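Listing of target.txt, compact mmCIF, C-alpha atoms and all ligand atoms
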```txt
# COMPACT_ATOMS: atom_id res chain seq x y z
CA MET A 47 -123.57 -3.08 114.47
CA ALA A 48 -121.16 -3.57 111.61
CA SER A 49 -118.27 -3.92 114.06
CA ASP A 50 -120.05 -6.94 115.56
CA VAL A 51 -119.51 -8.89 112.39
CA GLY A 52 -116.01 -9.58 113.66
CA SER A 53 -117.43 -11.85 116.35
CA ILE A 54 -119.11 -14.23 113.90
CA PRO A 55 -117.23 -17.49 114.50
CA GLU A 56 -117.41 -18.60 110.88
CA LEU A 57 -115.69 -15.45 109.72
CA ASP A 58 -111.98 -15.65 109.15
CA GLN A 59 -110.22 -12.50 108.06
CA ASN A 60 -107.17 -14.44 106.92
CA LYS A 61 -108.91 -16.23 104.12
CA TYR A 62 -108.41 -14.21 101.00
CA ASP A 63 -108.88 -16.89 98.37
CA ALA A 64 -112.64 -16.54 98.42
CA ASP A 65 -114.95 -18.27 95.97
CA GLU A 66 -117.24 -15.28 95.79
CA GLN A 67 -117.08 -11.60 96.62
CA VAL A 68 -120.03 -9.40 97.57
CA LYS A 69 -120.72 -5.85 98.64
CA VAL A 70 -123.27 -5.18 101.39
CA ILE A 71 -124.29 -1.64 102.31
CA CYS A 72 -125.87 -0.18 105.45
CA LEU A 73 -128.48 2.58 105.31
CA GLY A 74 -130.30 4.52 107.99
CA ASP A 75 -130.35 7.77 109.93
CA SER A 76 -127.43 8.93 112.01
CA ALA A 77 -126.95 7.30 115.44
CA VAL A 78 -129.32 4.36 114.86
CA GLY A 79 -126.38 2.06 115.61
CA LYS A 80 -125.09 1.10 112.19
CA SER A 81 -121.50 1.03 113.38
CA ASN A 82 -122.27 0.51 117.10
CA ARG A 83 -119.57 2.82 118.30
CA PRO A 84 -119.74 5.40 121.07
CA GLN A 85 -120.34 8.85 119.65
CA GLN A 86 -117.33 9.98 117.75
CA LEU A 87 -116.38 12.69 115.35
CA SER A 88 -117.19 11.69 111.81
CA THR A 89 -113.71 11.99 110.38
CA TYR A 90 -114.16 9.54 107.54
CA ALA A 91 -117.23 9.59 105.33
CA LEU A 92 -116.94 5.89 104.73
CA THR A 93 -115.72 2.84 106.60
CA LEU A 94 -115.17 -0.44 104.87
CA TYR A 95 -115.24 -3.65 106.87
CA LYS A 96 -113.75 -6.63 105.11
CA HIS A 97 -114.71 -10.10 106.23
CA THR A 98 -114.74 -13.63 105.01
CA ALA A 99 -117.78 -15.79 105.68
CA THR A 100 -118.31 -19.47 105.00
CA ILE A 101 -121.69 -20.09 103.41
CA GLY A 102 -122.32 -23.73 102.62
CA ASN A 103 -119.02 -24.96 101.22
CA LYS A 104 -118.03 -21.59 99.80
CA THR A 105 -115.86 -18.85 101.21
CA VAL A 106 -117.32 -15.43 100.62
CA ALA A 107 -115.33 -12.21 100.89
CA VAL A 108 -117.71 -9.55 102.13
CA ASP A 109 -117.21 -5.81 101.89
CA PHE A 110 -119.51 -4.08 104.39
CA TRP A 111 -119.87 -0.42 103.58
CA ASP A 112 -120.76 1.88 106.43
CA THR A 113 -121.15 5.65 106.40
CA ALA A 114 -120.39 8.28 108.95
CA GLY A 115 -122.01 11.63 108.51
CA GLN A 116 -123.14 11.56 104.91
CA GLU A 117 -126.59 10.30 105.85
CA ARG A 118 -127.22 13.53 107.77
CA PHE A 119 -127.81 15.06 104.37
CA GLN A 120 -130.56 12.44 103.88
CA SER A 121 -128.90 11.18 100.76
CA MET A 122 -125.88 9.11 99.78
CA HIS A 123 -123.38 9.52 97.00
CA PRO A 124 -124.29 7.25 94.05
CA SER A 125 -120.97 5.41 94.36
CA TYR A 126 -122.14 4.08 97.72
CA TYR A 127 -124.84 2.07 95.94
CA HIS A 128 -122.71 1.11 92.97
CA LYS A 129 -122.54 -2.68 92.50
CA ALA A 130 -124.01 -3.38 95.97
CA HIS A 131 -125.48 -6.88 96.29
CA ALA A 132 -127.55 -6.40 99.44
CA CYS A 133 -128.69 -3.63 101.75
CA ILE A 134 -129.31 -3.54 105.50
CA MET A 135 -131.65 -0.69 106.52
CA VAL A 136 -131.44 0.20 110.18
CA PHE A 137 -133.67 2.24 112.49
CA ASP A 138 -133.62 2.96 116.20
CA VAL A 139 -136.68 1.61 118.06
CA GLN A 140 -136.33 4.47 120.53
CA ARG A 141 -136.66 7.18 117.90
CA LYS A 142 -139.78 7.17 115.74
CA ILE A 143 -138.34 9.58 113.17
CA THR A 144 -135.66 7.05 112.22
CA TYR A 145 -138.45 4.55 111.43
CA LYS A 146 -140.38 7.12 109.39
CA ASN A 147 -137.27 7.98 107.40
CA LEU A 148 -136.89 4.37 106.24
CA ALA A 149 -139.30 5.21 103.42
CA ASN A 150 -136.86 7.85 102.11
CA TRP A 151 -133.88 5.52 102.37
CA TYR A 152 -135.77 2.77 100.62
CA LYS A 153 -136.84 5.08 97.80
CA GLU A 154 -133.28 6.21 97.22
CA LEU A 155 -131.99 2.62 97.36
CA ARG A 156 -134.48 1.49 94.72
CA GLU A 157 -133.53 4.36 92.41
CA TYR A 158 -129.99 2.99 92.24
CA ARG A 159 -130.49 -0.69 92.97
CA PRO A 160 -134.02 -1.72 91.98
CA GLU A 161 -133.67 -5.43 92.66
CA ILE A 162 -131.08 -6.18 95.34
CA PRO A 163 -132.16 -7.99 98.53
CA CYS A 164 -132.84 -5.61 101.40
CA CYS A 165 -133.92 -6.05 105.02
CA VAL A 166 -135.21 -3.84 107.82
CA VAL A 167 -133.42 -3.92 111.16
CA ALA A 168 -135.01 -2.58 114.35
CA ASN A 169 -131.98 -1.85 116.53
CA LYS A 170 -131.51 -1.09 120.26
CA ILE A 171 -134.18 -3.53 121.50
CA ASP A 172 -132.12 -3.96 124.68
CA ALA A 173 -133.25 -0.49 125.75
CA ASP A 174 -136.89 -1.65 125.95
CA LEU A 175 -137.70 -5.29 125.22
CA LYS A 176 -141.43 -4.50 125.05
CA VAL A 177 -140.93 -3.06 121.56
CA THR A 178 -140.55 -6.57 120.18
CA GLN A 179 -144.28 -7.04 120.74
CA ARG A 180 -145.04 -4.11 118.48
CA SER A 181 -145.36 -4.56 114.75
CA PHE A 182 -143.44 -2.35 112.39
CA ASN A 183 -145.21 -2.66 109.10
CA PHE A 184 -142.89 -0.81 106.78
CA GLY A 185 -140.81 -3.89 106.00
CA LYS A 186 -143.84 -6.14 105.71
CA LYS A 187 -145.53 -3.81 103.22
CA GLN A 188 -142.46 -3.92 101.00
CA GLY A 189 -142.06 -7.67 101.48
CA LEU A 190 -138.70 -7.21 103.22
CA PRO A 191 -137.29 -9.49 105.93
CA PHE A 192 -137.43 -7.87 109.36
CA TYR A 193 -135.14 -8.36 112.37
CA PHE A 194 -135.28 -7.16 115.97
CA VAL A 195 -131.66 -6.60 116.88
CA SER A 196 -129.46 -5.29 119.63
CA ALA A 197 -126.03 -4.33 118.41
CA ALA A 198 -125.15 -3.66 122.07
CA ASP A 199 -125.78 -7.20 123.37
CA GLY A 200 -125.56 -8.99 120.01
CA THR A 201 -129.16 -10.27 119.81
CA ASN A 202 -129.88 -11.50 116.28
CA VAL A 203 -126.89 -9.66 114.78
CA VAL A 204 -125.03 -12.74 113.55
CA LYS A 205 -128.22 -14.37 112.25
CA MET A 206 -129.18 -11.24 110.34
CA PHE A 207 -125.72 -10.74 108.81
CA ARG A 208 -125.45 -14.39 107.76
CA GLU A 209 -128.85 -14.39 106.11
CA MET A 210 -128.08 -11.16 104.27
CA ILE A 211 -124.67 -12.41 103.08
CA LYS A 212 -126.37 -15.51 101.73
CA LYS A 213 -128.98 -13.39 99.94
CA ALA A 214 -126.21 -11.16 98.53
CA VAL A 215 -124.42 -14.22 97.09
CA ASP A 216 -127.67 -15.63 95.67
CA TYR A 217 -128.43 -12.29 94.06
CA LYS A 218 -124.95 -11.93 92.58
CA GLN A 219 -125.14 -15.38 91.05
CA ASN A 220 -128.69 -14.89 89.82
CA PRO A 221 -129.28 -11.18 89.27
CA SER A 222 -132.70 -9.98 88.21
CA ASP A 223 -131.48 -6.57 87.09
CA PHE A 224 -130.34 -6.40 83.48
CA MET A 225 -127.13 -4.44 84.14
CA ASP A 226 -126.19 -6.85 86.91
CA GLU A 227 -126.70 -9.79 84.57
CA VAL A 228 -124.25 -8.16 82.17
CA MET A 229 -121.75 -7.55 84.98
CA GLN A 230 -121.97 -11.19 86.09
CA GLU A 231 -121.50 -12.40 82.50
CA LEU A 232 -118.39 -10.24 82.21
CA GLU A 233 -117.03 -11.57 85.49
CA ASN A 234 -117.59 -15.17 84.38
CA PHE A 235 -115.93 -14.36 81.08
CA ASP A 236 -112.88 -12.93 82.89
CA LEU A 237 -112.68 -16.04 85.08
CA GLU A 238 -112.79 -18.32 82.05
CA LYS A 239 -110.09 -16.26 80.37
CA ASN A 240 -107.86 -16.56 83.45
CA GLU A 241 -108.41 -20.31 83.54
CA ILE A 242 -107.38 -20.60 79.91
CA HIS A 243 -104.21 -18.60 80.68
CA SER A 244 -103.26 -20.75 83.63
CA GLU A 245 -103.85 -23.94 81.62
CA THR A 246 -101.63 -22.52 78.90
CA ASP A 247 -98.94 -21.85 81.48
CA GLU A 248 -99.06 -25.46 82.69
CA ASP A 249 -98.46 -26.62 79.14
CA GLY A 250 -95.29 -24.61 79.10
CA LEU A 251 -96.62 -22.15 76.54
CA LYS A 252 -95.87 -18.98 78.46
CA ALA A 253 -97.24 -15.62 77.41
CA GLU A 254 -93.72 -14.19 77.24
CA SER A 255 -92.89 -16.66 74.49
CA PRO A 256 -92.23 -14.22 71.60
CA ASP A 257 -94.42 -15.91 68.98
CA LEU A 258 -97.42 -15.87 71.31
CA VAL A 259 -97.29 -12.24 72.34
N1 LIG A 301 -128.80 0.69 123.89
C1 LIG A 301 -128.22 0.55 122.70
N2 LIG A 301 -127.43 1.52 122.21
C2 LIG A 301 -126.84 1.32 121.00
C3 LIG A 301 -127.04 0.14 120.24
N3 LIG A 301 -126.36 0.25 119.07
C4 LIG A 301 -125.75 1.44 119.11
N4 LIG A 301 -126.02 2.10 120.26
C5 LIG A 301 -125.55 3.43 120.68
O1 LIG A 301 -126.13 4.37 119.78
C6 LIG A 301 -125.20 5.42 119.51
C7 LIG A 301 -125.03 5.58 118.01
O2 LIG A 301 -124.41 4.41 117.49
P1 LIG A 301 -123.57 4.43 116.14
O3 LIG A 301 -123.20 3.03 115.85
O4 LIG A 301 -122.50 5.44 116.19
O5 LIG A 301 -124.70 4.91 115.11
P2 LIG A 301 -124.54 5.12 113.54
O6 LIG A 301 -125.83 4.75 112.95
O7 LIG A 301 -123.33 4.41 113.05
O8 LIG A 301 -124.36 6.69 113.47
P3 LIG A 301 -123.52 7.55 112.36
O9 LIG A 301 -122.18 6.92 112.24
O10 LIG A 301 -123.53 8.93 112.88
O11 LIG A 301 -124.33 7.42 111.11
C8 LIG A 301 -123.91 5.06 120.24
O12 LIG A 301 -123.89 5.78 121.45
C9 LIG A 301 -124.03 3.56 120.48
O13 LIG A 301 -123.36 3.17 121.65
C10 LIG A 301 -127.89 -0.88 120.81
O14 LIG A 301 -128.14 -1.96 120.25
N5 LIG A 301 -128.44 -0.61 122.03
MG MG A 302 -121.60 4.99 112.11
```
Take the structure in the file and give it back as structure tokens.
Ligand SMILES: Nc1nc2c(ncn2[C@@H]2O[C@H](COP(=O)(O)OP(=O)(O)OP(=O)(O)O)[C@@H](O)[C@H]2O)c(=O)[nH]1
Ligand SMILES: [Mg+2]
Amino acid sequence: MASDVGSIPELDQNKYDADEQVKVICLGDSAVGKSNRPQQLSTYALTLYKHTATIGNKTVAVDFWDTAGQERFQSMHPSYYHKAHACIMVFDVQRKITYKNLANWYKELREYRPEIPCCVVANKIDADLKVTQRSFNFGKKQGLPFYFVSAADGTNVVKMFREMIKKAVDYKQNPSDFMDEVMQELENFDLEKNEIHSETDEDGLKAESPDLV
């Protein structure tokens, strides 16, 4: 599924001067289709997909974090959750156990990231379109957005990713978790500091000037 992000027309990998930068993580059992790749040996525990999206008039650099293998232990390393701004939880509509396990993934997510936006994705609907008539209440109970998706034929993938990127940006700019508020304050502070430096440079007062160092 994550590899499909590359086909989003608004995404342009060459834009690096983004206005905002967010981290989005994927959670879910093995083989639900998080990476949408034919079965392969899990050589790397982590794959990072870097993309640039245009949301409104802003360019957003997105780091999509995807796992391979680690989720078989039913738990992720804390660094996976660190500073994530949104989470996409995936299950396979063909395998009930992957739906049941969402509760465990969600519990772990909330231990590390109590407030970030999260959604539930029912993947592989191409295998049996009838499933879209069924209701999967886990997401509803938690008040999470829900998407029927096929990573194989692309149904709803772009829509879901775009909506989650937007939510990630909104969250980053307006965090409801205290530590995240502090992080955002620090980032703004750094930005202001850099602006002051570049203004100073334009005035010809360079940092290497001996009396300023
Ligand atoms: N029919 C169908 N098959 C899919 C879809 N998405 C993924 N698959 C297949 O499901 C299998 C598992 O997909 P992966 O993307 O490797 O699953 P994963 O969740 O990344 O698995 P791990 O990397 O082991 O955690 C592969 O054989 C994919 O081709 C889909 O939307 N429809
Ligand atoms: Mg994978």
Next on the checklist: Report, in Å with one decimal, the straight-line distance from atom CA of A:Gly79 to atom C8 of ligand LIG 301 (chain A).
Outcome noted: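 Distance reported for this atom pair: 6.0 Å.
The space separating atom CA of A:Met210 from atom CA of A:Leu237 comes to 25.1 Å.
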Item to check | Neighbour list for A:Ser196 as an MDAnalysis selection string, cut-off 9 Å, only C-alpha atoms, skip fewer than 2 positions in-chain | outcome: chainID A and resid 47 79 168:173 194 198:203
Checklist outcome for this item: Here atom CA of A:Lys205 and atom O9 of ligand LIG 301 (chain A) stand apart by 22.1 Å
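The neighbours of A:Val228 here are the residues that come within 12 Å of it, using all atoms listed in the file and leaving out any residue fewer than 6 positions away in the same chain; they are Lys129, Lys218, Gln219, Asn220, Pro221, Ser222, Asn234 and Phe235 of chain A.
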Item to check | Exercise answer, 6 Å around ligand MG 302 (chain A) with all atoms listed in the file, as a list in words | outcome: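 So, counting all atoms listed in the file, the residues near ligand MG 302 (chain A) are Lys80, Ser81, Thr113 and Ala114 of chain A.
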What would the file look like if the residues just selected were written as an mmCIF file, in the frame of the given file with C-alpha atoms?
```
data_model
loop_
_atom_site.group_PDB
_atom_site.id
_atom_site.type_symbol
_atom_site.label_atom_id
_atom_site.label_comp_id
_atom_site.auth_asym_id
_atom_site.auth_seq_id
_atom_site.Cartn_x
_atom_site.Cartn_y
_atom_site.Cartn_z
ATOM 1 C CA LYS A 80 -125.090 1.100 112.190
ATOM 2 C CA SER A 81 -121.500 1.030 113.380
ATOM 3 C CA THR A 113 -121.150 5.650 106.400
ATOM 4 C CA ALA A 114 -120.390 8.280 108.950
#
```
Next on the checklist: Within 9 Å of (-145.7, 3.8, 107.0) (file coordinates; all atoms listed in the file), which protein or nucleic acid residues are there? I'd like them as a list in words.
Outcome noted: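 Here the neighbourhood of the point contains Tyr145, Lys146, Leu148, Ala149, Phe182, Asn183, Phe184 and Lys187 of chain A.
Residue nearest ligand LIG 301 (chain A) within the list A:Arg141, A:Lys212, A:Arg156, A:Lys186: A:Arg141 [criterion: smallest interatomic distance, all atoms listed in the file].
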Checklist entry - Using all atoms listed in the file, which of A:His128, A:His97, A:Val195, A:Lys153 sits nearest ligand LIG 301 (chain A)? => result A:Val195
Checklist entry - Given the choices A:Glu66, A:Asp236, A:Asp174, A:Glu154, which gets closest to ligand LIG 301 (chain A) if the distance is worked out from only C-alpha atoms and all ligand atoms? => result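 Nearest to ligand LIG 301 (chain A): A:Asp174.
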